[in-house]
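Enquirer: The structure is given below, and queries will be raised subsequently.
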Amino acid sequence: MKTYPSIPRSTGQDFQEFDAYVFDKLDGSNLRWEWARKSGWYKHGTRTRLFDETDPVFGAAPALFNKTLAEPLEKIARDQRWERMIVFVEFWGERSLGGLHEPTDAKRLTLFDVNPHKKGILGPKYFLKLCGHLDIPYFLGTTKWTRGFVDQVRRGEIQNITDEGVVGKAGEGHKLIMAKAKTQTWIDKILARYGEEQGRKIVDS
């Protein structure tokens, strides 16, 4: 089962400017579901392992997925004549922070990427066209992804985003470009909760 690629942070000598579609970055856990035309939704997991309804953290996710996303995503796949696909969703609640979730929070599953078999992840323009009517991260529009824009995100000057920051995307399929920028407010919360050593690992992940 394909794992989601790591999104690079926009720092250092590897920084790349590009014309980006910019989305809110939700602070939750990356989950994935796999569908096949003959089998339906037959496999789901976290970024690193499979799980089922007995999982102490993610046990409620399969029922939530079936209730909210399974049917409309299957319709998209059949309409596009895809044979198989993997979809990536964020499992999160209002008080989720750095991968930890408050048990009493109402949880949501927000779709953020779709990967048809052998086609790579959908480009942001096509993703919005096919999936924009579903629960997806807030789309802020398009902008030039520059160091100045990343600094604006860090200073909290970008409106209509949650605490963590934003993701920028361009291109499509196997030539997809992705980058992320995080807010100082979120970084400070992570360091306060997890301490300097563990917090830095989360911030840099």
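Chain labels A, B, ... are given in the sequence in which chains occur in the structure tokens; within each chain residues are numbered consecutively from 1, and ligands are likewise numbered from 1 in the order shown.
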From the DSSP assignment of the backbone, select every residue of region 57-156 of chain A that is helix (DSSP H, G or I), and format the answer as a PDB file with all heavy atoms, in the first residue's frame.

Expert:
ATOM      1  N   ALA A  61     -12.351   5.729  12.742  1.00  0.00           N
ATOM      2  CA  ALA A  61     -12.143   6.284  11.406  1.00  0.00           C
ATOM      3  C   ALA A  61     -12.829   5.497  10.290  1.00  0.00           C
ATOM      4  O   ALA A  61     -13.397   6.108   9.374  1.00  0.00           O
ATOM      5  CB  ALA A  61     -10.649   6.425  11.119  1.00  0.00           C
ATOM      6  N   PRO A  62     -12.807   4.144  10.288  1.00  0.00           N
ATOM      7  CA  PRO A  62     -13.464   3.426   9.181  1.00  0.00           C
ATOM      8  C   PRO A  62     -14.947   3.745   9.047  1.00  0.00           C
ATOM      9  O   PRO A  62     -15.432   3.976   7.929  1.00  0.00           O
ATOM     10  CB  PRO A  62     -13.225   1.951   9.539  1.00  0.00           C
ATOM     11  CG  PRO A  62     -11.951   1.961  10.318  1.00  0.00           C
ATOM     12  CD  PRO A  62     -12.030   3.216  11.152  1.00  0.00           C
ATOM     13  N   ALA A  63     -15.676   3.772  10.149  1.00  0.00           N
ATOM     14  CA  ALA A  63     -17.100   4.089  10.079  1.00  0.00           C
ATOM     15  C   ALA A  63     -17.309   5.523   9.602  1.00  0.00           C
ATOM     16  O   ALA A  63     -18.230   5.801   8.820  1.00  0.00           O
ATOM     17  CB  ALA A  63     -17.755   3.875  11.446  1.00  0.00           C
ATOM     18  N   LEU A  64     -16.465   6.427  10.058  1.00  0.00           N
ATOM     19  CA  LEU A  64     -16.567   7.824   9.635  1.00  0.00           C
ATOM     20  C   LEU A  64     -16.274   7.953   8.141  1.00  0.00           C
ATOM     21  O   LEU A  64     -16.960   8.705   7.427  1.00  0.00           O
ATOM     22  CB  LEU A  64     -15.594   8.669  10.452  1.00  0.00           C
ATOM     23  CG  LEU A  64     -15.619  10.181  10.221  1.00  0.00           C
ATOM     24  CD1 LEU A  64     -17.001  10.757  10.463  1.00  0.00           C
ATOM     25  CD2 LEU A  64     -14.586  10.868  11.122  1.00  0.00           C
ATOM     26  N   PHE A  65     -15.286   7.225   7.666  1.00  0.00           N
ATOM     27  CA  PHE A  65     -14.960   7.246   6.237  1.00  0.00           C
ATOM     28  C   PHE A  65     -16.130   6.713   5.417  1.00  0.00           C
ATOM     29  O   PHE A  65     -16.517   7.310   4.393  1.00  0.00           O
ATOM     30  CB  PHE A  65     -13.707   6.419   5.974  1.00  0.00           C
ATOM     31  CG  PHE A  65     -13.262   6.421   4.539  1.00  0.00           C
ATOM     32  CD1 PHE A  65     -12.466   7.440   4.047  1.00  0.00           C
ATOM     33  CD2 PHE A  65     -13.642   5.396   3.676  1.00  0.00           C
ATOM     34  CE1 PHE A  65     -12.059   7.452   2.714  1.00  0.00           C
ATOM     35  CE2 PHE A  65     -13.239   5.404   2.352  1.00  0.00           C
ATOM     36  CZ  PHE A  65     -12.448   6.437   1.876  1.00  0.00           C
ATOM     37  N   ASN A  66     -16.706   5.600   5.843  1.00  0.00           N
ATOM     38  CA  ASN A  66     -17.834   5.016   5.119  1.00  0.00           C
ATOM     39  C   ASN A  66     -19.029   5.969   5.080  1.00  0.00           C
ATOM     40  O   ASN A  66     -19.763   6.027   4.096  1.00  0.00           O
ATOM     41  CB  ASN A  66     -18.240   3.682   5.756  1.00  0.00           C
ATOM     42  CG  ASN A  66     -17.212   2.593   5.523  1.00  0.00           C
ATOM     43  OD1 ASN A  66     -16.434   2.653   4.576  1.00  0.00           O
ATOM     44  ND2 ASN A  66     -17.204   1.602   6.400  1.00  0.00           N
ATOM     45  N   LYS A  67     -19.194   6.728   6.134  1.00  0.00           N
ATOM     46  CA  LYS A  67     -20.331   7.648   6.228  1.00  0.00           C
ATOM     47  C   LYS A  67     -20.147   8.893   5.370  1.00  0.00           C
ATOM     48  O   LYS A  67     -21.123   9.418   4.814  1.00  0.00           O
ATOM     49  CB  LYS A  67     -20.530   8.055   7.697  1.00  0.00           C
ATOM     50  CG  LYS A  67     -21.685   9.009   7.930  1.00  0.00           C
ATOM     51  CD  LYS A  67     -21.799   9.350   9.408  1.00  0.00           C
ATOM     52  CE  LYS A  67     -22.936  10.341   9.656  1.00  0.00           C
ATOM     53  NZ  LYS A  67     -23.033  10.701  11.108  1.00  0.00           N
ATOM     54  N   THR A  68     -18.908   9.372   5.235  1.00  0.00           N
ATOM     55  CA  THR A  68     -18.694  10.689   4.637  1.00  0.00           C
ATOM     56  C   THR A  68     -18.011  10.686   3.275  1.00  0.00           C
ATOM     57  O   THR A  68     -18.327  11.524   2.425  1.00  0.00           O
ATOM     58  CB  THR A  68     -17.856  11.569   5.589  1.00  0.00           C
ATOM     59  OG1 THR A  68     -16.598  10.923   5.835  1.00  0.00           O
ATOM     60  CG2 THR A  68     -18.581  11.793   6.906  1.00  0.00           C
ATOM     61  N   ALA A  70     -16.595   7.530   1.435  1.00  0.00           N
ATOM     62  CA  ALA A  70     -16.475   6.310   0.630  1.00  0.00           C
ATOM     63  C   ALA A  70     -17.304   6.376  -0.648  1.00  0.00           C
ATOM     64  O   ALA A  70     -16.798   6.120  -1.751  1.00  0.00           O
ATOM     65  CB  ALA A  70     -16.880   5.094   1.468  1.00  0.00           C
ATOM     66  N   GLU A  71     -18.574   6.706  -0.531  1.00  0.00           N
ATOM     67  CA  GLU A  71     -19.457   6.684  -1.702  1.00  0.00           C
ATOM     68  C   GLU A  71     -19.094   7.748  -2.740  1.00  0.00           C
ATOM     69  O   GLU A  71     -18.969   7.426  -3.945  1.00  0.00           O
ATOM     70  CB  GLU A  71     -20.906   6.847  -1.259  1.00  0.00           C
ATOM     71  CG  GLU A  71     -21.899   6.719  -2.405  1.00  0.00           C
ATOM     72  CD  GLU A  71     -23.342   6.767  -1.942  1.00  0.00           C
ATOM     73  OE1 GLU A  71     -23.591   6.540  -0.734  1.00  0.00           O
ATOM     74  OE2 GLU A  71     -24.235   7.019  -2.780  1.00  0.00           O
ATOM     75  N   PRO A  72     -18.916   9.018  -2.349  1.00  0.00           N
ATOM     76  CA  PRO A  72     -18.575  10.010  -3.377  1.00  0.00           C
ATOM     77  C   PRO A  72     -17.213   9.765  -4.033  1.00  0.00           C
ATOM     78  O   PRO A  72     -17.044  10.039  -5.231  1.00  0.00           O
ATOM     79  CB  PRO A  72     -18.606  11.341  -2.630  1.00  0.00           C
ATOM     80  CG  PRO A  72     -18.513  11.007  -1.188  1.00  0.00           C
ATOM     81  CD  PRO A  72     -19.151   9.672  -1.046  1.00  0.00           C
ATOM     82  N   LEU A  73     -16.247   9.241  -3.286  1.00  0.00           N
ATOM     83  CA  LEU A  73     -14.946   8.959  -3.891  1.00  0.00           C
ATOM     84  C   LEU A  73     -15.031   7.778  -4.852  1.00  0.00           C
ATOM     85  O   LEU A  73     -14.393   7.788  -5.910  1.00  0.00           O
ATOM     86  CB  LEU A  73     -13.908   8.694  -2.799  1.00  0.00           C
ATOM     87  CG  LEU A  73     -13.387   9.935  -2.084  1.00  0.00           C
ATOM     88  CD1 LEU A  73     -12.556   9.550  -0.865  1.00  0.00           C
ATOM     89  CD2 LEU A  73     -12.557  10.804  -3.036  1.00  0.00           C
ATOM     90  N   GLU A  74     -15.817   6.776  -4.497  1.00  0.00           N
ATOM     91  CA  GLU A  74     -15.999   5.652  -5.415  1.00  0.00           C
ATOM     92  C   GLU A  74     -16.665   6.124  -6.706  1.00  0.00           C
ATOM     93  O   GLU A  74     -16.296   5.688  -7.805  1.00  0.00           O
ATOM     94  CB  GLU A  74     -16.828   4.546  -4.769  1.00  0.00           C
ATOM     95  CG  GLU A  74     -17.049   3.368  -5.702  1.00  0.00           C
ATOM     96  CD  GLU A  74     -17.656   2.151  -5.026  1.00  0.00           C
ATOM     97  OE1 GLU A  74     -17.765   2.142  -3.788  1.00  0.00           O
ATOM     98  OE2 GLU A  74     -18.006   1.203  -5.759  1.00  0.00           O
ATOM     99  N   LYS A  75     -17.625   7.015  -6.597  1.00  0.00           N
ATOM    100  CA  LYS A  75     -18.288   7.554  -7.796  1.00  0.00           C
ATOM    101  C   LYS A  75     -17.288   8.271  -8.701  1.00  0.00           C
ATOM    102  O   LYS A  75     -17.311   8.111  -9.928  1.00  0.00           O
ATOM    103  CB  LYS A  75     -19.414   8.506  -7.413  1.00  0.00           C
ATOM    104  CG  LYS A  75     -20.191   9.041  -8.617  1.00  0.00           C
ATOM    105  CD  LYS A  75     -21.313   9.953  -8.198  1.00  0.00           C
ATOM    106  CE  LYS A  75     -22.171  10.353  -9.409  1.00  0.00           C
ATOM    107  NZ  LYS A  75     -21.392  10.938 -10.512  1.00  0.00           N
ATOM    108  N   ILE A  76     -16.406   9.061  -8.077  1.00  0.00           N
ATOM    109  CA  ILE A  76     -15.375   9.748  -8.866  1.00  0.00           C
ATOM    110  C   ILE A  76     -14.508   8.735  -9.596  1.00  0.00           C
ATOM    111  O   ILE A  76     -14.234   8.870 -10.795  1.00  0.00           O
ATOM    112  CB  ILE A  76     -14.517  10.641  -7.946  1.00  0.00           C
ATOM    113  CG1 ILE A  76     -15.331  11.850  -7.474  1.00  0.00           C
ATOM    114  CG2 ILE A  76     -13.251  11.112  -8.685  1.00  0.00           C
ATOM    115  CD1 ILE A  76     -14.645  12.660  -6.385  1.00  0.00           C
ATOM    116  N   ALA A  77     -14.075   7.706  -8.872  1.00  0.00           N
ATOM    117  CA  ALA A  77     -13.207   6.696  -9.483  1.00  0.00           C
ATOM    118  C   ALA A  77     -13.891   6.000 -10.649  1.00  0.00           C
ATOM    119  O   ALA A  77     -13.293   5.783 -11.715  1.00  0.00           O
ATOM    120  CB  ALA A  77     -12.775   5.683  -8.432  1.00  0.00           C
ATOM    121  N   ARG A  78     -15.151   5.640 -10.471  1.00  0.00           N
ATOM    122  CA  ARG A  78     -15.873   4.956 -11.550  1.00  0.00           C
ATOM    123  C   ARG A  78     -16.126   5.891 -12.725  1.00  0.00           C
ATOM    124  O   ARG A  78     -15.993   5.493 -13.886  1.00  0.00           O
ATOM    125  CB  ARG A  78     -17.181   4.378 -11.006  1.00  0.00           C
ATOM    126  CG  ARG A  78     -16.958   3.220 -10.032  1.00  0.00           C
ATOM    127  CD  ARG A  78     -18.245   2.533  -9.629  1.00  0.00           C
ATOM    128  NE  ARG A  78     -18.007   1.430  -8.700  1.00  0.00           N
ATOM    129  CZ  ARG A  78     -17.614   0.204  -9.065  1.00  0.00           C
ATOM    130  NH1 ARG A  78     -17.431  -0.075 -10.356  1.00  0.00           N
ATOM    131  NH2 ARG A  78     -17.419  -0.732  -8.157  1.00  0.00           N
ATOM    132  N   ASP A  79     -16.464   7.138 -12.425  1.00  0.00           N
ATOM    133  CA  ASP A  79     -16.677   8.105 -13.510  1.00  0.00           C
ATOM    134  C   ASP A  79     -15.403   8.337 -14.320  1.00  0.00           C
ATOM    135  O   ASP A  79     -15.461   8.567 -15.536  1.00  0.00           O
ATOM    136  CB  ASP A  79     -17.169   9.432 -12.938  1.00  0.00           C
ATOM    137  CG  ASP A  79     -18.599   9.377 -12.443  1.00  0.00           C
ATOM    138  OD1 ASP A  79     -19.304   8.385 -12.733  1.00  0.00           O
ATOM    139  OD2 ASP A  79     -19.031  10.326 -11.745  1.00  0.00           O
ATOM    140  N   PRO A 124      -3.088  19.711  -8.203  1.00  0.00           N
ATOM    141  CA  PRO A 124      -4.054  20.489  -7.418  1.00  0.00           C
ATOM    142  C   PRO A 124      -5.236  21.007  -8.245  1.00  0.00           C
ATOM    143  O   PRO A 124      -6.365  21.053  -7.742  1.00  0.00           O
ATOM    144  CB  PRO A 124      -3.219  21.626  -6.850  1.00  0.00           C
ATOM    145  CG  PRO A 124      -2.017  21.724  -7.740  1.00  0.00           C
ATOM    146  CD  PRO A 124      -1.745  20.328  -8.179  1.00  0.00           C
ATOM    147  N   LYS A 125      -5.002  21.398  -9.480  1.00  0.00           N
ATOM    148  CA  LYS A 125      -6.102  21.896 -10.316  1.00  0.00           C
ATOM    149  C   LYS A 125      -7.122  20.797 -10.578  1.00  0.00           C
ATOM    150  O   LYS A 125      -8.346  21.013 -10.452  1.00  0.00           O
ATOM    151  CB  LYS A 125      -5.550  22.439 -11.637  1.00  0.00           C
ATOM    152  CG  LYS A 125      -6.596  23.061 -12.531  1.00  0.00           C
ATOM    153  CD  LYS A 125      -5.965  23.644 -13.790  1.00  0.00           C
ATOM    154  CE  LYS A 125      -7.015  24.301 -14.681  1.00  0.00           C
ATOM    155  NZ  LYS A 125      -6.394  24.890 -15.898  1.00  0.00           N
ATOM    156  N   TYR A 126      -6.650  19.626 -10.921  1.00  0.00           N
ATOM    157  CA  TYR A 126      -7.535  18.488 -11.201  1.00  0.00           C
ATOM    158  C   TYR A 126      -8.199  18.005  -9.908  1.00  0.00           C
ATOM    159  O   TYR A 126      -9.382  17.637  -9.902  1.00  0.00           O
ATOM    160  CB  TYR A 126      -6.732  17.380 -11.865  1.00  0.00           C
ATOM    161  CG  TYR A 126      -7.550  16.335 -12.584  1.00  0.00           C
ATOM    162  CD1 TYR A 126      -8.800  16.635 -13.113  1.00  0.00           C
ATOM    163  CD2 TYR A 126      -7.054  15.054 -12.755  1.00  0.00           C
ATOM    164  CE1 TYR A 126      -9.539  15.671 -13.781  1.00  0.00           C
ATOM    165  CE2 TYR A 126      -7.778  14.081 -13.430  1.00  0.00           C
ATOM    166  CZ  TYR A 126      -9.028  14.395 -13.938  1.00  0.00           C
ATOM    167  OH  TYR A 126      -9.749  13.439 -14.592  1.00  0.00           O
ATOM    168  N   PHE A 127      -7.450  18.002  -8.807  1.00  0.00           N
ATOM    169  CA  PHE A 127      -8.006  17.612  -7.510  1.00  0.00           C
ATOM    170  C   PHE A 127      -9.188  18.503  -7.143  1.00  0.00           C
ATOM    171  O   PHE A 127     -10.242  18.023  -6.704  1.00  0.00           O
ATOM    172  CB  PHE A 127      -6.908  17.698  -6.438  1.00  0.00           C
ATOM    173  CG  PHE A 127      -7.394  17.459  -5.034  1.00  0.00           C
ATOM    174  CD1 PHE A 127      -7.653  16.179  -4.573  1.00  0.00           C
ATOM    175  CD2 PHE A 127      -7.574  18.518  -4.153  1.00  0.00           C
ATOM    176  CE1 PHE A 127      -8.101  15.952  -3.278  1.00  0.00           C
ATOM    177  CE2 PHE A 127      -8.014  18.309  -2.857  1.00  0.00           C
ATOM    178  CZ  PHE A 127      -8.276  17.022  -2.421  1.00  0.00           C
ATOM    179  N   LEU A 128      -9.029  19.809  -7.310  1.00  0.00           N
ATOM    180  CA  LEU A 128     -10.120  20.732  -7.000  1.00  0.00           C
ATOM    181  C   LEU A 128     -11.316  20.489  -7.915  1.00  0.00           C
ATOM    182  O   LEU A 128     -12.471  20.567  -7.473  1.00  0.00           O
ATOM    183  CB  LEU A 128      -9.635  22.175  -7.132  1.00  0.00           C
ATOM    184  CG  LEU A 128      -8.721  22.675  -6.010  1.00  0.00           C
ATOM    185  CD1 LEU A 128      -8.053  23.982  -6.433  1.00  0.00           C
ATOM    186  CD2 LEU A 128      -9.499  22.869  -4.709  1.00  0.00           C
ATOM    187  N   LYS A 129     -11.061  20.216  -9.171  1.00  0.00           N
ATOM    188  CA  LYS A 129     -12.149  19.972 -10.121  1.00  0.00           C
ATOM    189  C   LYS A 129     -12.950  18.735  -9.737  1.00  0.00           C
ATOM    190  O   LYS A 129     -14.194  18.747  -9.761  1.00  0.00           O
ATOM    191  CB  LYS A 129     -11.581  19.816 -11.530  1.00  0.00           C
ATOM    192  CG  LYS A 129     -12.640  19.530 -12.589  1.00  0.00           C
ATOM    193  CD  LYS A 129     -12.008  19.374 -13.962  1.00  0.00           C
ATOM    194  CE  LYS A 129     -13.076  19.041 -15.014  1.00  0.00           C
ATOM    195  NZ  LYS A 129     -12.459  18.877 -16.364  1.00  0.00           N
ATOM    196  N   LEU A 130     -12.249  17.656  -9.362  1.00  0.00           N
ATOM    197  CA  LEU A 130     -12.926  16.399  -9.070  1.00  0.00           C
ATOM    198  C   LEU A 130     -13.468  16.319  -7.640  1.00  0.00           C
ATOM    199  O   LEU A 130     -14.515  15.717  -7.403  1.00  0.00           O
ATOM    200  CB  LEU A 130     -11.975  15.218  -9.306  1.00  0.00           C
ATOM    201  CG  LEU A 130     -11.547  14.935 -10.737  1.00  0.00           C
ATOM    202  CD1 LEU A 130     -10.636  13.707 -10.760  1.00  0.00           C
ATOM    203  CD2 LEU A 130     -12.747  14.722 -11.643  1.00  0.00           C
ATOM    204  N   CYS A 131     -12.748  16.923  -6.699  1.00  0.00           N
ATOM    205  CA  CYS A 131     -13.035  16.685  -5.280  1.00  0.00           C
ATOM    206  C   CYS A 131     -13.394  17.939  -4.496  1.00  0.00           C
ATOM    207  O   CYS A 131     -13.576  17.867  -3.278  1.00  0.00           O
ATOM    208  CB  CYS A 131     -11.829  16.013  -4.616  1.00  0.00           C
ATOM    209  SG  CYS A 131     -11.268  14.507  -5.432  1.00  0.00           S
ATOM    210  N   ARG A 147      10.240  32.973  -0.577  1.00  0.00           N
ATOM    211  CA  ARG A 147      10.658  33.072   0.825  1.00  0.00           C
ATOM    212  C   ARG A 147       9.825  34.127   1.555  1.00  0.00           C
ATOM    213  O   ARG A 147       9.533  33.978   2.737  1.00  0.00           O
ATOM    214  CB  ARG A 147      12.149  33.407   0.906  1.00  0.00           C
ATOM    215  CG  ARG A 147      13.058  32.279   0.427  1.00  0.00           C
ATOM    216  CD  ARG A 147      14.531  32.624   0.646  1.00  0.00           C
ATOM    217  NE  ARG A 147      15.419  31.642   0.055  1.00  0.00           N
ATOM    218  CZ  ARG A 147      15.815  30.518   0.656  1.00  0.00           C
ATOM    219  NH1 ARG A 147      15.373  30.231   1.864  1.00  0.00           N
ATOM    220  NH2 ARG A 147      16.650  29.679   0.047  1.00  0.00           N
ATOM    221  N   GLY A 148       9.463  35.196   0.849  1.00  0.00           N
ATOM    222  CA  GLY A 148       8.633  36.218   1.469  1.00  0.00           C
ATOM    223  C   GLY A 148       7.276  35.690   1.869  1.00  0.00           C
ATOM    224  O   GLY A 148       6.762  36.016   2.958  1.00  0.00           O
ATOM    225  N   PHE A 149       6.666  34.854   1.011  1.00  0.00           N
ATOM    226  CA  PHE A 149       5.376  34.267   1.352  1.00  0.00           C
ATOM    227  C   PHE A 149       5.517  33.321   2.549  1.00  0.00           C
ATOM    228  O   PHE A 149       4.684  33.326   3.464  1.00  0.00           O
ATOM    229  CB  PHE A 149       4.802  33.510   0.152  1.00  0.00           C
ATOM    230  CG  PHE A 149       3.522  32.789   0.456  1.00  0.00           C
ATOM    231  CD1 PHE A 149       2.336  33.483   0.609  1.00  0.00           C
ATOM    232  CD2 PHE A 149       3.500  31.400   0.597  1.00  0.00           C
ATOM    233  CE1 PHE A 149       1.147  32.826   0.905  1.00  0.00           C
ATOM    234  CE2 PHE A 149       2.330  30.732   0.884  1.00  0.00           C
ATOM    235  CZ  PHE A 149       1.148  31.447   1.034  1.00  0.00           C
ATOM    236  N   VAL A 150       6.562  32.503   2.559  1.00  0.00           N
ATOM    237  CA  VAL A 150       6.795  31.590   3.681  1.00  0.00           C
ATOM    238  C   VAL A 150       6.961  32.377   4.987  1.00  0.00           C
ATOM    239  O   VAL A 150       6.456  31.971   6.039  1.00  0.00           O
ATOM    240  CB  VAL A 150       8.023  30.702   3.397  1.00  0.00           C
ATOM    241  CG1 VAL A 150       8.432  29.918   4.639  1.00  0.00           C
ATOM    242  CG2 VAL A 150       7.731  29.752   2.240  1.00  0.00           C
ATOM    243  N   ASP A 151       7.650  33.500   4.932  1.00  0.00           N
ATOM    244  CA  ASP A 151       7.811  34.342   6.124  1.00  0.00           C
ATOM    245  C   ASP A 151       6.471  34.902   6.586  1.00  0.00           C
ATOM    246  O   ASP A 151       6.216  35.016   7.793  1.00  0.00           O
ATOM    247  CB  ASP A 151       8.776  35.489   5.827  1.00  0.00           C
ATOM    248  CG  ASP A 151      10.225  35.027   5.720  1.00  0.00           C
ATOM    249  OD1 ASP A 151      10.530  33.916   6.192  1.00  0.00           O
ATOM    250  OD2 ASP A 151      11.048  35.781   5.144  1.00  0.00           O
ATOM    251  N   GLN A 152       5.599  35.260   5.637  1.00  0.00           N
ATOM    252  CA  GLN A 152       4.263  35.728   6.004  1.00  0.00           C
ATOM    253  C   GLN A 152       3.487  34.643   6.740  1.00  0.00           C
ATOM    254  O   GLN A 152       2.801  34.920   7.729  1.00  0.00           O
ATOM    255  CB  GLN A 152       3.484  36.145   4.753  1.00  0.00           C
ATOM    256  CG  GLN A 152       3.886  37.469   4.163  1.00  0.00           C
ATOM    257  CD  GLN A 152       2.984  37.826   2.999  1.00  0.00           C
ATOM    258  OE1 GLN A 152       3.017  37.197   1.937  1.00  0.00           O
ATOM    259  NE2 GLN A 152       2.151  38.829   3.200  1.00  0.00           N
ATOM    260  N   VAL A 153       3.590  33.418   6.252  1.00  0.00           N
ATOM    261  CA  VAL A 153       2.933  32.301   6.931  1.00  0.00           C
ATOM    262  C   VAL A 153       3.473  32.154   8.343  1.00  0.00           C
ATOM    263  O   VAL A 153       2.718  32.039   9.312  1.00  0.00           O
ATOM    264  CB  VAL A 153       3.124  30.989   6.144  1.00  0.00           C
ATOM    265  CG1 VAL A 153       2.563  29.808   6.937  1.00  0.00           C
ATOM    266  CG2 VAL A 153       2.460  31.074   4.775  1.00  0.00           C
ATOM    267  N   ARG A 154       4.780  32.181   8.475  1.00  0.00           N
ATOM    268  CA  ARG A 154       5.406  31.991   9.787  1.00  0.00           C
ATOM    269  C   ARG A 154       4.966  33.071  10.776  1.00  0.00           C
ATOM    270  O   ARG A 154       4.728  32.792  11.947  1.00  0.00           O
ATOM    271  CB  ARG A 154       6.923  32.006   9.644  1.00  0.00           C
ATOM    272  CG  ARG A 154       7.670  31.590  10.926  1.00  0.00           C
ATOM    273  CD  ARG A 154       9.176  31.605  10.719  1.00  0.00           C
ATOM    274  NE  ARG A 154       9.867  31.131  11.902  1.00  0.00           N
ATOM    275  CZ  ARG A 154      10.282  29.884  12.094  1.00  0.00           C
ATOM    276  NH1 ARG A 154      10.043  28.967  11.177  1.00  0.00           N
ATOM    277  NH2 ARG A 154      10.922  29.533  13.194  1.00  0.00           N
TER     278      ARG A 154
END

Enquirer: According to DSSP computed on the backbone, where in region 46-193 of chain A is there strand (DSSP E)? Give the residues as an MDAnalysis selection string.

Expert: chainID A and resid 46 84:92 108:116 139:145 165:170 177:182

Enquirer: So that I can check the surroundings of region 30-32 of chain A, please list as a VMD selection string every protein, DNA and RNA residue that reaches within 12 Å of it, counting only C-alpha atoms and ignoring chain neighbours fewer than 2 positions away.

Expert: chain A and resid 1 to 6 25 to 28 34 to 35 41 to 52 57 to 59 61 to 62 65 69 to 70 85 to 92 98 to 100 108 to 115

Enquirer: Could you take the residues named above and write them with C-alpha atoms, as a PDB file, in the first residue's frame?

Expert:
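Result file follows (part.pdb):
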ATOM      1  CA  MET A   1       0.000   0.000   0.000  1.00  0.00           C
ATOM      2  CA  LYS A   2       1.566   3.247  -1.155  1.00  0.00           C
ATOM      3  CA  THR A   3       2.703   5.625   1.581  1.00  0.00           C
ATOM      4  CA  TYR A   4       2.344   9.382   1.349  1.00  0.00           C
ATOM      5  CA  PRO A   5       5.519  11.207   0.306  1.00  0.00           C
ATOM      6  CA  SER A   6       7.229  13.539   2.752  1.00  0.00           C
ATOM      7  CA  LYS A  25      -2.419  22.432   6.488  1.00  0.00           C
ATOM      8  CA  LEU A  26      -4.453  20.573   9.079  1.00  0.00           C
ATOM      9  CA  ASP A  27      -2.820  19.258  12.244  1.00  0.00           C
ATOM     10  CA  GLY A  28      -3.892  15.634  12.483  1.00  0.00           C
ATOM     11  CA  GLU A  34      -7.273   1.814  -0.950  1.00  0.00           C
ATOM     12  CA  TRP A  35     -10.068   1.071  -3.449  1.00  0.00           C
ATOM     13  CA  TRP A  41     -12.662  -0.265  -0.189  1.00  0.00           C
ATOM     14  CA  TYR A  42     -10.551  -3.161   0.984  1.00  0.00           C
ATOM     15  CA  LYS A  43      -7.577  -1.742   2.926  1.00  0.00           C
ATOM     16  CA  HIS A  44      -6.814   1.214   5.191  1.00  0.00           C
ATOM     17  CA  GLY A  45      -3.936   2.318   7.359  1.00  0.00           C
ATOM     18  CA  THR A  46      -1.924   5.070   8.929  1.00  0.00           C
ATOM     19  CA  ARG A  47       1.167   6.369   7.194  1.00  0.00           C
ATOM     20  CA  THR A  48       3.149   3.364   8.447  1.00  0.00           C
ATOM     21  CA  ARG A  49       0.747   0.517   9.329  1.00  0.00           C
ATOM     22  CA  LEU A  50      -2.674  -0.991   8.773  1.00  0.00           C
ATOM     23  CA  PHE A  51      -5.381  -0.741  11.455  1.00  0.00           C
ATOM     24  CA  ASP A  52      -8.967  -1.809  12.133  1.00  0.00           C
ATOM     25  CA  VAL A  57      -6.796   5.958  18.425  1.00  0.00           C
ATOM     26  CA  PHE A  58      -8.173   5.421  14.919  1.00  0.00           C
ATOM     27  CA  GLY A  59     -10.864   2.810  15.539  1.00  0.00           C
ATOM     28  CA  ALA A  61     -12.143   6.284  11.406  1.00  0.00           C
ATOM     29  CA  PRO A  62     -13.464   3.426   9.181  1.00  0.00           C
ATOM     30  CA  PHE A  65     -14.960   7.246   6.237  1.00  0.00           C
ATOM     31  CA  LEU A  69     -16.220   9.896   1.851  1.00  0.00           C
ATOM     32  CA  ALA A  70     -16.475   6.310   0.630  1.00  0.00           C
ATOM     33  CA  MET A  85      -6.798   4.302  -6.260  1.00  0.00           C
ATOM     34  CA  ILE A  86      -5.432   5.315  -2.874  1.00  0.00           C
ATOM     35  CA  VAL A  87      -6.873   8.333  -1.099  1.00  0.00           C
ATOM     36  CA  PHE A  88      -5.175  10.255   1.695  1.00  0.00           C
ATOM     37  CA  VAL A  89      -7.158  11.906   4.478  1.00  0.00           C
ATOM     38  CA  GLU A  90      -6.407  13.862   7.633  1.00  0.00           C
ATOM     39  CA  PHE A  91      -7.910  12.510  10.872  1.00  0.00           C
ATOM     40  CA  TRP A  92      -8.242  15.461  13.232  1.00  0.00           C
ATOM     41  CA  GLY A  98       1.388  17.213  16.773  1.00  0.00           C
ATOM     42  CA  GLY A  99      -0.233  13.848  16.113  1.00  0.00           C
ATOM     43  CA  LEU A 100      -1.962  13.545  19.485  1.00  0.00           C
ATOM     44  CA  ARG A 108     -13.257  14.668  11.048  1.00  0.00           C
ATOM     45  CA  LEU A 109     -11.739  13.048   7.996  1.00  0.00           C
ATOM     46  CA  THR A 110     -10.603  15.638   5.464  1.00  0.00           C
ATOM     47  CA  LEU A 111      -9.486  14.475   2.020  1.00  0.00           C
ATOM     48  CA  PHE A 112      -6.222  16.067   0.856  1.00  0.00           C
ATOM     49  CA  ASP A 113      -4.917  13.907  -2.002  1.00  0.00           C
ATOM     50  CA  VAL A 114      -5.971  11.189  -4.442  1.00  0.00           C
ATOM     51  CA  ASN A 115      -3.643   8.785  -6.241  1.00  0.00           C
TER      52      ASN A 115
END

Enquirer: Mind pulling up the distance from CA of Gly40 (chain A) to CA of Ile7 (chain A)?

Expert: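 We find that CA of Ile7 (chain A) and CA of Gly40 (chain A) lie 28.7 Å from each other.
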
Enquirer: Residues of region 71-151 of chain A that have any atom at most 8 Å from an atom of region 167-182 of chain A: could you tabulate them with the shortest-distance atom pair and the distance in Å to one decimal, using only C-alpha atoms, ordered by chain and increasing number, as a Markdown table?

Expert:
| residue | atom | partner | partner_atom | distance |
| --- | --- | --- | --- | --- |
| A:Lys119 | CA | A:Gly173 | CA | 5.7 |
| A:Gly120 | CA | A:Gly173 | CA | 3.9 |
| A:Ile121 | CA | A:Gly173 | CA | 4.8 |
| A:Leu122 | CA | A:Glu172 | CA | 5.6 |
| A:Gly123 | CA | A:Glu172 | CA | 3.7 |
| A:Pro124 | CA | A:Lys169 | CA | 6.3 |
| A:Trp145 | CA | A:Gly168 | CA | 7.3 |
| A:Val150 | CA | A:Ala181 | CA | 5.7 |
